[in-house]
file upload.cif (mmCIF, C-alpha atoms)
data_protein
loop_
_atom_site.group_PDB
_atom_site.id
_atom_site.type_symbol
_atom_site.label_atom_id
_atom_site.label_comp_id
_atom_site.auth_asym_id
_atom_site.auth_seq_id
_atom_site.Cartn_x
_atom_site.Cartn_y
_atom_site.Cartn_z
ATOM 1 C CA MET A 24 21.373 -108.426 -68.287
ATOM 2 C CA ARG A 25 24.839 -109.000 -66.763
ATOM 3 C CA LYS A 26 25.778 -111.089 -69.792
ATOM 4 C CA LEU A 27 24.656 -108.255 -72.103
ATOM 5 C CA PHE A 28 26.885 -105.729 -70.322
ATOM 6 C CA ALA A 29 29.755 -108.218 -70.445
ATOM 7 C CA VAL A 30 29.388 -108.532 -74.221
ATOM 8 C CA ILE A 31 29.329 -104.735 -74.584
ATOM 9 C CA GLY A 32 32.469 -104.407 -72.473
ATOM 10 C CA LEU A 33 34.336 -107.065 -74.438
ATOM 11 C CA SER A 34 33.386 -105.386 -77.714
ATOM 12 C CA PHE A 35 34.804 -102.060 -76.527
ATOM 13 C CA LEU A 36 38.006 -103.756 -75.396
ATOM 14 C CA THR A 37 38.353 -105.308 -78.833
ATOM 15 C CA VAL A 38 38.014 -102.005 -80.648
ATOM 16 C CA ILE A 39 39.946 -99.576 -78.403
ATOM 17 C CA PRO A 40 43.484 -100.795 -79.301
ATOM 18 C CA VAL A 41 42.891 -100.096 -83.019
ATOM 19 C CA LEU A 42 41.052 -96.755 -82.886
ATOM 20 C CA ALA A 43 44.125 -94.757 -83.843
ATOM 21 C CA GLN A 44 44.805 -96.695 -87.032
ATOM 22 C CA ASP A 45 44.156 -94.948 -90.348
ATOM 23 C CA ALA A 46 42.972 -97.688 -92.736
ATOM 24 C CA GLN A 47 39.443 -99.065 -92.423
ATOM 25 C CA ALA A 48 38.244 -102.502 -93.484
ATOM 26 C CA LEU A 49 34.855 -103.780 -94.719
ATOM 27 C CA LEU A 50 33.476 -100.296 -95.347
ATOM 28 C CA PHE A 51 30.645 -101.765 -97.422
ATOM 29 C CA THR A 52 28.924 -102.789 -94.168
ATOM 30 C CA ARG A 53 28.066 -99.091 -93.659
ATOM 31 C CA PHE A 54 26.102 -98.731 -96.919
ATOM 32 C CA GLU A 55 22.357 -98.129 -96.585
ATOM 33 C CA ARG A 56 20.415 -101.302 -97.409
ATOM 34 C CA ASN A 57 16.958 -99.801 -96.857
ATOM 35 C CA PRO A 58 15.753 -97.922 -99.985
ATOM 36 C CA ARG A 59 13.709 -95.599 -97.761
ATOM 37 C CA THR A 60 16.570 -94.466 -95.523
ATOM 38 C CA ALA A 61 18.919 -94.383 -98.524
ATOM 39 C CA ALA A 62 16.755 -91.472 -99.711
ATOM 40 C CA PHE A 63 17.614 -89.707 -96.426
ATOM 41 C CA ALA A 64 21.354 -89.995 -97.136
ATOM 42 C CA GLY A 65 21.807 -92.096 -94.014
ATOM 43 C CA ALA A 66 19.611 -90.093 -91.634
ATOM 44 C CA GLY A 67 16.693 -91.774 -89.887
ATOM 45 C CA THR A 68 18.184 -93.859 -87.066
ATOM 46 C CA ALA A 69 15.533 -92.329 -84.759
ATOM 47 C CA SER A 70 12.644 -93.035 -87.142
ATOM 48 C CA VAL A 71 10.161 -95.637 -85.917
ATOM 49 C CA ASN A 72 8.787 -96.304 -89.414
ATOM 50 C CA GLY A 73 9.741 -99.669 -90.865
ATOM 51 C CA MET A 74 11.683 -102.593 -89.483
ATOM 52 C CA SER A 75 12.315 -104.948 -92.419
ATOM 53 C CA TYR A 76 15.977 -103.912 -92.789
ATOM 54 C CA SER A 77 16.672 -103.554 -89.066
ATOM 55 C CA ALA A 78 19.002 -106.582 -89.231
ATOM 56 C CA PHE A 79 21.524 -104.252 -90.898
ATOM 57 C CA ARG A 80 21.219 -101.424 -88.359
ATOM 58 C CA GLN A 81 19.055 -100.038 -85.529
ATOM 59 C CA ALA A 82 17.398 -103.144 -84.125
ATOM 60 C CA ALA A 83 15.930 -101.014 -81.309
ATOM 61 C CA VAL A 84 13.146 -100.037 -83.734
ATOM 62 C CA LEU A 85 11.736 -103.579 -83.693
ATOM 63 C CA PRO A 86 9.495 -103.291 -80.571
ATOM 64 C CA LEU A 87 8.350 -99.735 -81.451
ATOM 65 C CA SER A 88 7.468 -99.907 -85.145
ATOM 66 C CA GLY A 89 3.798 -100.845 -84.641
ATOM 67 C CA LYS A 90 4.033 -103.735 -87.138
ATOM 68 C CA LYS A 91 3.944 -107.465 -86.438
ATOM 69 C CA PHE A 92 5.748 -108.538 -89.607
ATOM 70 C CA ASP A 93 7.758 -106.649 -92.206
ATOM 71 C CA ALA A 94 9.819 -107.937 -95.142
ATOM 72 C CA GLY A 95 11.606 -106.289 -98.027
ATOM 73 C CA PHE A 96 13.829 -106.968 -101.022
ATOM 74 C CA ASN A 97 15.743 -104.415 -103.038
ATOM 75 C CA PHE A 98 18.274 -104.023 -105.818
ATOM 76 C CA GLN A 99 20.995 -101.391 -105.661
ATOM 77 C CA MET A 100 23.501 -100.287 -108.269
ATOM 78 C CA TRP A 101 26.503 -98.474 -106.826
ATOM 79 C CA ARG A 102 28.739 -96.308 -109.016
ATOM 80 C CA PRO A 103 27.020 -97.263 -112.306
ATOM 81 C CA GLY A 104 29.134 -94.795 -114.279
ATOM 82 C CA ASP A 105 32.418 -96.405 -113.226
ATOM 83 C CA THR A 106 33.520 -99.066 -115.700
ATOM 84 C CA PHE A 107 35.715 -100.949 -113.235
ATOM 85 C CA ASP A 108 34.182 -100.292 -109.802
ATOM 86 C CA LYS A 109 30.430 -100.440 -110.391
ATOM 87 C CA THR A 110 28.643 -102.883 -108.095
ATOM 88 C CA ASN A 111 25.263 -104.620 -108.150
ATOM 89 C CA SER A 112 23.806 -105.294 -104.719
ATOM 90 C CA PHE A 113 20.892 -107.540 -103.696
ATOM 91 C CA ASN A 114 19.475 -107.122 -100.196
ATOM 92 C CA LEU A 115 16.808 -109.069 -98.349
ATOM 93 C CA GLY A 116 15.424 -108.424 -94.880
ATOM 94 C CA ALA A 117 12.563 -109.686 -92.709
ATOM 95 C CA ALA A 118 11.439 -108.869 -89.177
ATOM 96 C CA LEU A 119 8.970 -110.190 -86.621
ATOM 97 C CA HIS A 120 7.554 -108.337 -83.598
ATOM 98 C CA LEU A 121 6.246 -110.443 -80.706
ATOM 99 C CA GLY A 122 5.162 -108.548 -77.614
ATOM 100 C CA ARG A 123 8.153 -106.816 -76.066
ATOM 101 C CA PHE A 124 10.606 -108.606 -78.361
ATOM 102 C CA GLY A 125 11.557 -108.193 -81.989
ATOM 103 C CA PHE A 126 13.738 -110.288 -84.293
ATOM 104 C CA SER A 127 15.122 -109.576 -87.743
ATOM 105 C CA LEU A 128 17.356 -111.299 -90.265
ATOM 106 C CA GLY A 129 18.975 -109.859 -93.371
ATOM 107 C CA GLY A 130 21.426 -110.782 -96.096
ATOM 108 C CA ALA A 131 23.313 -108.754 -98.692
ATOM 109 C CA LEU A 132 25.283 -109.779 -101.785
ATOM 110 C CA GLN A 133 27.297 -107.291 -103.837
ATOM 111 C CA ARG A 134 29.062 -108.248 -107.054
ATOM 112 C CA GLY A 135 31.556 -106.169 -108.969
ATOM 113 C CA VAL A 136 32.947 -106.306 -112.517
ATOM 114 C CA THR A 137 34.370 -109.666 -113.634
ATOM 115 C CA GLU A 138 37.976 -109.530 -114.794
ATOM 116 C CA ASP A 139 40.318 -112.428 -115.580
ATOM 117 C CA ASN A 140 37.647 -114.957 -114.542
ATOM 118 C CA PHE A 141 37.307 -113.393 -111.084
ATOM 119 C CA THR A 142 34.343 -111.385 -109.748
ATOM 120 C CA PRO A 143 34.995 -109.274 -106.654
ATOM 121 C CA SER A 144 32.168 -109.563 -104.162
ATOM 122 C CA GLN A 145 30.958 -108.542 -100.719
ATOM 123 C CA LYS A 146 28.670 -110.669 -98.593
ATOM 124 C CA MET A 147 26.962 -109.884 -95.317
ATOM 125 C CA LEU A 148 24.611 -111.701 -92.967
ATOM 126 C CA GLY A 149 22.939 -109.658 -90.232
ATOM 127 C CA LEU A 150 20.822 -110.404 -87.161
ATOM 128 C CA GLY A 151 18.800 -107.915 -85.125
ATOM 129 C CA LEU A 152 17.313 -108.314 -81.648
ATOM 130 C CA GLY A 153 15.147 -105.697 -79.946
ATOM 131 C CA PHE A 154 13.579 -105.485 -76.501
ATOM 132 C CA ALA A 155 11.080 -102.940 -75.139
ATOM 133 C CA ILE A 156 12.161 -101.807 -71.685
ATOM 134 C CA ILE A 157 9.080 -99.569 -71.512
ATOM 135 C CA PRO A 158 6.519 -100.739 -74.106
ATOM 136 C CA GLY A 159 5.760 -98.012 -76.622
ATOM 137 C CA LYS A 160 8.400 -95.695 -75.143
ATOM 138 C CA LEU A 161 11.905 -97.107 -74.689
ATOM 139 C CA SER A 162 13.671 -100.011 -76.374
ATOM 140 C CA ILE A 163 17.198 -101.346 -76.809
ATOM 141 C CA GLY A 164 18.676 -103.223 -79.740
ATOM 142 C CA LEU A 165 21.570 -105.461 -80.672
ATOM 143 C CA ASN A 166 22.820 -106.007 -84.206
ATOM 144 C CA ALA A 167 25.358 -108.690 -85.096
ATOM 145 C CA ARG A 168 26.844 -109.283 -88.547
ATOM 146 C CA LEU A 169 29.294 -111.434 -90.441
ATOM 147 C CA ALA A 170 30.949 -109.859 -93.470
ATOM 148 C CA LYS A 171 33.269 -111.117 -96.194
ATOM 149 C CA GLU A 172 34.923 -109.141 -98.970
ATOM 150 C CA SER A 173 36.610 -111.044 -101.804
ATOM 151 C CA ILE A 174 39.128 -108.613 -103.287
ATOM 152 C CA PHE A 175 41.137 -110.414 -105.971
ATOM 153 C CA LYS A 176 42.725 -113.719 -106.958
ATOM 154 C CA ASP A 177 46.476 -114.183 -106.802
ATOM 155 C CA ALA A 178 47.632 -114.910 -110.364
ATOM 156 C CA GLU A 179 50.571 -117.034 -109.192
ATOM 157 C CA THR A 180 48.933 -119.190 -106.533
ATOM 158 C CA GLY A 181 45.315 -119.001 -107.697
ATOM 159 C CA ASN A 182 44.259 -118.264 -104.112
ATOM 160 C CA GLU A 183 41.501 -115.784 -103.388
ATOM 161 C CA VAL A 184 42.445 -112.835 -101.171
ATOM 162 C CA ALA A 185 39.530 -111.976 -98.889
ATOM 163 C CA LEU A 186 38.717 -110.038 -95.727
ATOM 164 C CA ASN A 187 36.450 -111.537 -93.064
ATOM 165 C CA GLY A 188 35.041 -109.849 -89.982
ATOM 166 C CA PHE A 189 32.426 -109.892 -87.243
ATOM 167 C CA SER A 190 30.900 -106.720 -85.805
ATOM 168 C CA ALA A 191 28.028 -105.616 -83.575
ATOM 169 C CA ASP A 192 25.902 -102.533 -82.858
ATOM 170 C CA PHE A 193 24.229 -101.497 -79.620
ATOM 171 C CA SER A 194 21.431 -98.923 -79.584
ATOM 172 C CA ALA A 195 18.640 -97.366 -77.557
ATOM 173 C CA LEU A 196 15.528 -95.685 -78.984
ATOM 174 C CA TYR A 197 13.221 -93.444 -76.962
ATOM 175 C CA CYS A 198 9.836 -92.063 -78.035
ATOM 176 C CA ILE A 199 9.653 -88.801 -76.107
ATOM 177 C CA ASN A 200 6.043 -88.198 -77.200
ATOM 178 C CA ASN A 201 3.859 -88.694 -80.281
ATOM 179 C CA ALA A 202 5.976 -86.246 -82.301
ATOM 180 C CA PHE A 203 9.563 -86.739 -81.116
ATOM 181 C CA SER A 204 11.906 -89.707 -80.866
ATOM 182 C CA ALA A 205 15.635 -89.912 -80.186
ATOM 183 C CA THR A 206 18.317 -92.564 -80.386
ATOM 184 C CA LEU A 207 21.939 -93.148 -79.480
ATOM 185 C CA GLY A 208 24.244 -96.062 -80.043
ATOM 186 C CA VAL A 209 27.571 -97.463 -81.146
ATOM 187 C CA ALA A 210 28.071 -99.206 -84.484
ATOM 188 C CA THR A 211 30.403 -101.714 -86.105
ATOM 189 C CA LEU A 212 32.323 -102.715 -82.990
ATOM 190 C CA GLY A 213 34.352 -105.717 -84.087
ATOM 191 C CA ASN A 214 37.599 -107.521 -84.572
ATOM 192 C CA SER A 215 40.579 -106.199 -86.482
ATOM 193 C CA VAL A 216 40.603 -107.557 -90.029
ATOM 194 C CA LYS A 217 43.725 -109.098 -91.517
ATOM 195 C CA GLY A 218 44.081 -109.391 -95.265
ATOM 196 C CA SER A 219 46.825 -111.089 -97.241
ATOM 197 C CA GLU A 220 49.875 -112.390 -95.439
ATOM 198 C CA GLY A 221 52.278 -109.672 -94.361
ATOM 199 C CA THR A 222 49.700 -106.861 -94.142
ATOM 200 C CA ASP A 223 48.840 -105.108 -90.891
ATOM 201 C CA PRO A 224 45.435 -105.745 -89.307
ATOM 202 C CA MET A 225 42.875 -103.023 -90.036
ATOM 203 C CA PRO A 226 39.971 -101.922 -87.814
ATOM 204 C CA GLN A 227 36.395 -101.891 -88.959
ATOM 205 C CA PRO A 228 34.663 -98.465 -89.179
ATOM 206 C CA ALA A 229 33.471 -98.270 -85.555
ATOM 207 C CA SER A 230 31.503 -95.187 -84.527
ATOM 208 C CA ALA A 231 29.097 -93.626 -82.039
ATOM 209 C CA TYR A 232 25.928 -91.891 -83.232
ATOM 210 C CA LEU A 233 23.054 -89.734 -82.019
ATOM 211 C CA GLY A 234 19.828 -89.107 -83.892
ATOM 212 C CA GLY A 235 16.496 -87.343 -83.586
ATOM 213 C CA SER A 236 13.168 -87.405 -85.445
ATOM 214 C CA TRP A 237 10.223 -84.996 -85.470
ATOM 215 C CA HIS A 238 7.063 -86.523 -86.934
ATOM 216 C CA PRO A 239 3.894 -84.485 -86.304
ATOM 217 C CA THR A 240 0.542 -85.919 -87.376
ATOM 218 C CA PHE A 241 -2.066 -84.338 -89.690
ATOM 219 C CA ASP A 242 -5.314 -85.508 -91.288
ATOM 220 C CA GLN A 243 -4.198 -86.498 -94.773
ATOM 221 C CA HIS A 244 -0.592 -85.378 -94.637
ATOM 222 C CA SER A 245 2.476 -86.584 -92.772
ATOM 223 C CA LEU A 246 5.886 -85.086 -92.231
ATOM 224 C CA GLU A 247 9.096 -86.418 -90.741
ATOM 225 C CA LEU A 248 12.329 -84.497 -90.260
ATOM 226 C CA MET A 249 15.451 -86.390 -89.171
ATOM 227 C CA LEU A 250 18.901 -85.306 -88.032
ATOM 228 C CA ASP A 251 21.772 -87.695 -87.316
ATOM 229 C CA GLY A 252 25.327 -87.098 -86.161
ATOM 230 C CA GLU A 253 28.075 -89.710 -86.103
ATOM 231 C CA PHE A 254 31.655 -89.809 -84.858
ATOM 232 C CA TYR A 255 34.040 -92.427 -86.233
ATOM 233 C CA PHE A 256 36.541 -93.526 -83.611
ATOM 234 C CA ALA A 257 39.319 -93.322 -86.199
ATOM 235 C CA GLY A 258 38.896 -89.531 -86.067
ATOM 236 C CA SER A 259 36.111 -88.242 -88.309
ATOM 237 C CA ALA A 260 32.554 -86.922 -87.981
ATOM 238 C CA THR A 261 29.506 -86.983 -90.285
ATOM 239 C CA MET A 262 26.054 -85.418 -90.235
ATOM 240 C CA ALA A 263 22.927 -86.331 -92.182
ATOM 241 C CA LEU A 264 19.613 -84.512 -92.557
ATOM 242 C CA GLY A 265 16.536 -86.204 -94.019
ATOM 243 C CA ALA A 266 12.916 -85.286 -94.722
ATOM 244 C CA GLU A 267 9.803 -87.173 -95.806
ATOM 245 C CA TYR A 268 6.403 -85.864 -96.887
ATOM 246 C CA GLY A 269 3.486 -88.273 -97.116
ATOM 247 C CA PHE A 270 -0.019 -87.944 -98.567
ATOM 248 C CA LYS A 271 -2.808 -90.185 -97.241
ATOM 249 C CA ASN A 272 -0.124 -92.594 -96.004
ATOM 250 C CA MET A 273 0.114 -93.734 -99.607
ATOM 251 C CA LEU A 274 2.454 -91.445 -101.572
ATOM 252 C CA PHE A 275 5.817 -90.263 -100.225
ATOM 253 C CA ALA A 276 8.512 -87.839 -101.348
ATOM 254 C CA ARG A 277 11.926 -87.971 -99.654
ATOM 255 C CA ALA A 278 15.233 -86.139 -99.647
ATOM 256 C CA GLY A 279 18.406 -86.067 -97.605
ATOM 257 C CA TYR A 280 21.926 -84.710 -97.503
ATOM 258 C CA ARG A 281 24.986 -86.239 -95.899
ATOM 259 C CA LEU A 282 27.995 -84.144 -94.921
ATOM 260 C CA ALA A 283 30.827 -86.612 -94.441
ATOM 261 C CA GLY A 284 34.301 -86.454 -93.021
ATOM 262 C CA ARG A 285 37.268 -88.617 -93.835
ATOM 263 C CA TYR A 286 35.697 -92.003 -93.171
ATOM 264 C CA GLY A 287 32.463 -93.746 -94.051
ATOM 265 C CA VAL A 288 30.127 -93.063 -96.968
ATOM 266 C CA PRO A 289 31.088 -89.842 -98.865
ATOM 267 C CA SER A 290 29.026 -86.629 -98.800
ATOM 268 C CA HIS A 291 26.046 -86.760 -101.148
ATOM 269 C CA LEU A 292 22.505 -85.623 -101.893
ATOM 270 C CA ALA A 293 19.786 -88.280 -102.010
ATOM 271 C CA LEU A 294 16.237 -88.201 -103.379
ATOM 272 C CA GLY A 295 13.468 -90.753 -103.221
ATOM 273 C CA LEU A 296 9.842 -91.698 -103.820
ATOM 274 C CA GLY A 297 7.575 -94.233 -102.179
ATOM 275 C CA PHE A 298 4.153 -95.789 -102.653
ATOM 276 C CA GLN A 299 2.255 -98.143 -100.356
ATOM 277 C CA PHE A 300 -1.185 -99.713 -100.398
ATOM 278 C CA ALA A 301 -2.802 -102.625 -98.542
ATOM 279 C CA GLY A 302 0.466 -103.519 -96.837
ATOM 280 C CA PHE A 303 2.548 -103.538 -100.030
ATOM 281 C CA ARG A 304 5.110 -100.836 -100.790
ATOM 282 C CA LEU A 305 7.462 -99.727 -103.517
ATOM 283 C CA ASP A 306 10.443 -97.503 -102.687
ATOM 284 C CA ALA A 307 13.147 -95.937 -104.836
ATOM 285 C CA SER A 308 16.123 -93.698 -104.075
ATOM 286 C CA TYR A 309 18.748 -91.903 -106.135
ATOM 287 C CA ILE A 310 22.133 -90.411 -105.188
ATOM 288 C CA THR A 311 23.660 -87.339 -106.805
ATOM 289 C CA LEU A 312 26.149 -84.535 -106.039
ATOM 290 C CA SER A 313 28.430 -87.088 -104.418
ATOM 291 C CA GLN A 314 31.765 -86.023 -102.991
ATOM 292 C CA ASN A 315 34.389 -86.579 -105.707
ATOM 293 C CA LYS A 316 31.542 -88.026 -107.826
ATOM 294 C CA VAL A 317 32.140 -91.406 -106.181
ATOM 295 C CA LEU A 318 28.473 -92.393 -105.800
ATOM 296 C CA ASN A 319 26.828 -90.228 -108.468
ATOM 297 C CA ASN A 320 23.788 -91.846 -110.136
ATOM 298 C CA SER A 321 23.723 -94.777 -107.717
ATOM 299 C CA PHE A 322 20.170 -95.938 -107.106
ATOM 300 C CA SER A 323 18.036 -98.396 -105.162
ATOM 301 C CA VAL A 324 14.631 -99.939 -105.904
ATOM 302 C CA GLY A 325 12.791 -102.145 -103.446
ATOM 303 C CA LEU A 326 9.551 -104.014 -102.758
ATOM 304 C CA GLY A 327 8.123 -104.741 -99.322
ATOM 305 C CA TYR A 328 5.143 -106.067 -97.411
ATOM 306 C CA SER A 329 4.057 -105.593 -93.802
ATOM 307 C CA PHE A 330 1.108 -106.081 -91.500
#
call {"tool": "encode", "arguments": {"input": "upload.cif", "output": "structure tokens"}}
result
Amino acid sequence: MRKLFAVIGLSFLTVIPVLAQDAQALLFTRFERNPRTAAFAGAGTASVNGMSYSAFRQAAVLPLSGKKFDAGFNFQMWRPGDTFDKTNSFNLGAALHLGRFGFSLGGALQRGVTEDNFTPSQKMLGLGLGFAIIPGKLSIGLNARLAKESIFKDAETGNEVALNGFSADFSALYCINNAFSATLGVATLGNSVKGSEGTDPMPQPASAYLGGSWHPTFDQHSLELMLDGEFYFAGSATMALGAEYGFKNMLFARAGYRLAGRYGVPSHLALGLGFQFAGFRLDASYITLSQNKVLNNSFSVGLGYSF
């Protein structure tokens, strides 16, 4: 436990000197990898449903999800209407719950438009660890990730210009009762990222967040309402509201809206559908009404299995 607090303290010391800087690096690490939560426009950090993509965020869900194993794969297309900036993303996650502990691993690969024999790309490898302090009630989580963004190739030297960074999240998730859960945490605490020679180091998009979920139970119907607030240390706040309706724990309709500030993912409306049967699931989400039309028509489709 002392070592855990030491790691947390060192992470804060790393981030504090760069909080006042304006530019942000490796913003792609904040994109939603889970097609379910993508339909909530980023809300859902307090939801205890699903753990396959917990390697990317909110590892505290691992001991509380009620599943022993959960895996998922999805394809995302970001900015499909933009000829030069559209990106294809492939994401894979798997999680295992053993007693009071949970472990998850995830990887993401994004590829942009090839130009002059160079394809810009973003790569990320994530690890999630969760521990139940009070089984079924209170858990804590640690996320750690490595990220690399290949930006362009220098025409004169032929060298690739890339950004590399390490970051971590710390979170706590509390199930108040059968209908309410709440979470708080800090995200993307990491090293300053230095690009090409001569450029100033840039901080990663570190933030603190607070979330809540209300999920009453019915006979054949289910409902979950989620509200998340986030403050970026660089000086910006966001809020996301999400909702899910389920019928017979088989068919799901989802929606969410994100009101963003200066940093992070832009404001947008998200919609989604889901189907699950015998442990298998199919999820899809769609983004529209994006701020400045940056993410309009972006979508995500994923398959998963759990038991």
call {"tool": "closest_residue", "arguments": {"input": "upload.cif", "among": "A:Ala170, A:Leu248, A:Leu128, A:Ala263", "to": "Arg281 of chain A", "atoms": "all atoms listed in the file"}}
result
A:Ala263
call {"tool": "closest_atom_pairs", "arguments": {"input": "upload.cif", "of": "segment 42-110 of chain A", "to": "segment 129-152 of chain A", "cutoff": "8 Å", "atoms": "all atoms listed in the file", "output": "JSON lines"}}
result
{"residue": "A:Phe51", "atom": "CA", "partner": "A:Gln145", "partner_atom": "CA", "distance": 7.5}
{"residue": "A:Thr52", "atom": "CA", "partner": "A:Met147", "partner_atom": "CA", "distance": 7.5}
{"residue": "A:Tyr76", "atom": "CA", "partner": "A:Gly129", "partner_atom": "CA", "distance": 6.7}
{"residue": "A:Ser77", "atom": "CA", "partner": "A:Gly151", "partner_atom": "CA", "distance": 6.3}
{"residue": "A:Ala78", "atom": "CA", "partner": "A:Gly151", "partner_atom": "CA", "distance": 4.3}
{"residue": "A:Phe79", "atom": "CA", "partner": "A:Gly149", "partner_atom": "CA", "distance": 5.6}
{"residue": "A:Arg80", "atom": "CA", "partner": "A:Gly151", "partner_atom": "CA", "distance": 7.6}
{"residue": "A:Gln81", "atom": "CA", "partner": "A:Gly151", "partner_atom": "CA", "distance": 7.9}
{"residue": "A:Ala82", "atom": "CA", "partner": "A:Gly151", "partner_atom": "CA", "distance": 5.1}
{"residue": "A:Ala83", "atom": "CA", "partner": "A:Leu152", "partner_atom": "CA", "distance": 7.4}
{"residue": "A:Leu85", "atom": "CA", "partner": "A:Leu152", "partner_atom": "CA", "distance": 7.6}
{"residue": "A:Thr106", "atom": "CA", "partner": "A:Val136", "partner_atom": "CA", "distance": 7.9}
{"residue": "A:Phe107", "atom": "CA", "partner": "A:Val136", "partner_atom": "CA", "distance": 6.1}
{"residue": "A:Asp108", "atom": "CA", "partner": "A:Gly135", "partner_atom": "CA", "distance": 6.5}
{"residue": "A:Lys109", "atom": "CA", "partner": "A:Gly135", "partner_atom": "CA", "distance": 6.0}
{"residue": "A:Thr110", "atom": "CA", "partner": "A:Gly135", "partner_atom": "CA", "distance": 4.5}
call {"tool": "resolve_selection", "arguments": {"input": "upload.cif", "expression": "the PyMOL selection byres ((chain A and resi 194) around 12)", "output": "PyMOL selection string"}}
result
chain A and resi 31+68-69+77+80-85+151-155+161-167+191-193+195-197+205-211+230-234
call {"tool": "atom_distance", "arguments": {"input": "upload.cif", "atom1": "atom CA of Tyr280 of chain A", "atom2": "atom CA of Ala48 of chain A"}}
result
24.5 Å
call {"tool": "axis_aligned_box", "arguments": {"input": "upload.cif", "around": "segment 95-109 of chain A", "padding_each_side": "6 Å", "output": "lines of an AutoDock Vina configuration file"}}
result
center_x = 23.7
center_y = -100.9
center_z = -106.9
size_x = 36.1
size_y = 24.2
size_z = 29.7
call {"tool": "residues_around", "arguments": {"input": "upload.cif", "residues": "segment 59-64 of chain A", "least_positions_apart": "5", "cutoff": "7 Å", "atoms": "all atoms listed in the file", "output": "PyMOL selection string"}}
result
chain A and resi 263-266+277-281+291-295+306+308-309
call {"tool": "atom_distance", "arguments": {"input": "upload.cif", "atom1": "atom CA of Tyr286 of chain A", "atom2": "atom CA of Pro224 of chain A"}}
result
17.3 Å
call {"tool": "closest_residue", "arguments": {"input": "upload.cif", "among": "A:Gln47, A:Phe92, A:Arg102, A:Asn72", "to": "Thr311 of chain A", "atoms": "all atoms listed in the file"}}
result
A:Arg102
call {"tool": "resolve_selection", "arguments": {"input": "upload.cif", "expression": "the PyMOL selection byres ((chain A and resi 314) around 6)", "output": "ChimeraX atom specification"}}
result
/A:289-290,313,315-316
call {"tool": "residues_around", "arguments": {"input": "upload.cif", "residues": "segment 319-326 of chain A", "least_positions_apart": "4", "cutoff": "7 Å", "atoms": "only C-alpha atoms", "output": "JSON, numbers by chain"}}
result
{"A": [58, 95, 96, 97, 98, 99, 100, 101, 102, 103, 304, 305, 306, 307, 308, 309, 310, 311, 312, 313]}
call {"tool": "closest_residue", "arguments": {"input": "upload.cif", "among": "A:Ile157, A:Ser70, A:Phe124, A:Asp251", "to": "Ala202 of chain A", "atoms": "only C-alpha atoms"}}
result
A:Ser70
call {"tool": "resolve_selection", "arguments": {"input": "upload.cif", "expression": "the PyMOL selection byres ((chain A and resi 284) around 9)", "output": "list in words"}}
result
Gly258, Ser259, Ala260, Thr261, Met262, Leu282, Ala283, Arg285, Tyr286, Gly287, Val288, Pro289 and Ser290 of chain A
call {"tool": "build_atoms", "arguments": {"input": "upload.cif", "residues": "segment 126-137 of chain A", "atoms": "N, CA and C atoms", "output": "CSV table (one decimal), in the frame of the given file"}}
result
chain,number,residue,atom,x,y,z
A,126,PHE,N,12.6,-109.5,-83.7
A,126,PHE,CA,13.7,-110.3,-84.3
A,126,PHE,C,13.8,-110.0,-85.8
A,127,SER,N,15.0,-109.8,-86.3
A,127,SER,CA,15.1,-109.6,-87.7
A,127,SER,C,16.3,-110.3,-88.3
A,128,LEU,N,16.3,-110.6,-89.6
A,128,LEU,CA,17.4,-111.3,-90.3
A,128,LEU,C,17.5,-110.7,-91.6
A,129,GLY,N,18.7,-110.5,-92.1
A,129,GLY,CA,19.0,-109.9,-93.4
A,129,GLY,C,20.2,-110.4,-94.0
A,130,GLY,N,20.2,-110.4,-95.3
A,130,GLY,CA,21.4,-110.8,-96.1
A,130,GLY,C,21.7,-109.8,-97.3
A,131,ALA,N,22.9,-109.6,-97.6
A,131,ALA,CA,23.3,-108.8,-98.7
A,131,ALA,C,24.4,-109.4,-99.5
A,132,LEU,N,24.3,-109.3,-100.8
A,132,LEU,CA,25.3,-109.8,-101.8
A,132,LEU,C,25.6,-108.7,-102.8
A,133,GLN,N,26.8,-108.3,-102.9
A,133,GLN,CA,27.3,-107.3,-103.8
A,133,GLN,C,28.3,-108.0,-104.8
A,134,ARG,N,28.2,-107.7,-106.1
A,134,ARG,CA,29.1,-108.2,-107.1
A,134,ARG,C,29.6,-107.1,-107.9
A,135,GLY,N,30.9,-107.2,-108.2
A,135,GLY,CA,31.6,-106.2,-109.0
A,135,GLY,C,31.7,-106.6,-110.4
A,136,VAL,N,32.7,-106.0,-111.1
A,136,VAL,CA,32.9,-106.3,-112.5
A,136,VAL,C,33.9,-107.5,-112.6
A,137,THR,N,33.5,-108.5,-113.4
A,137,THR,CA,34.4,-109.7,-113.6
A,137,THR,C,35.6,-109.3,-114.5
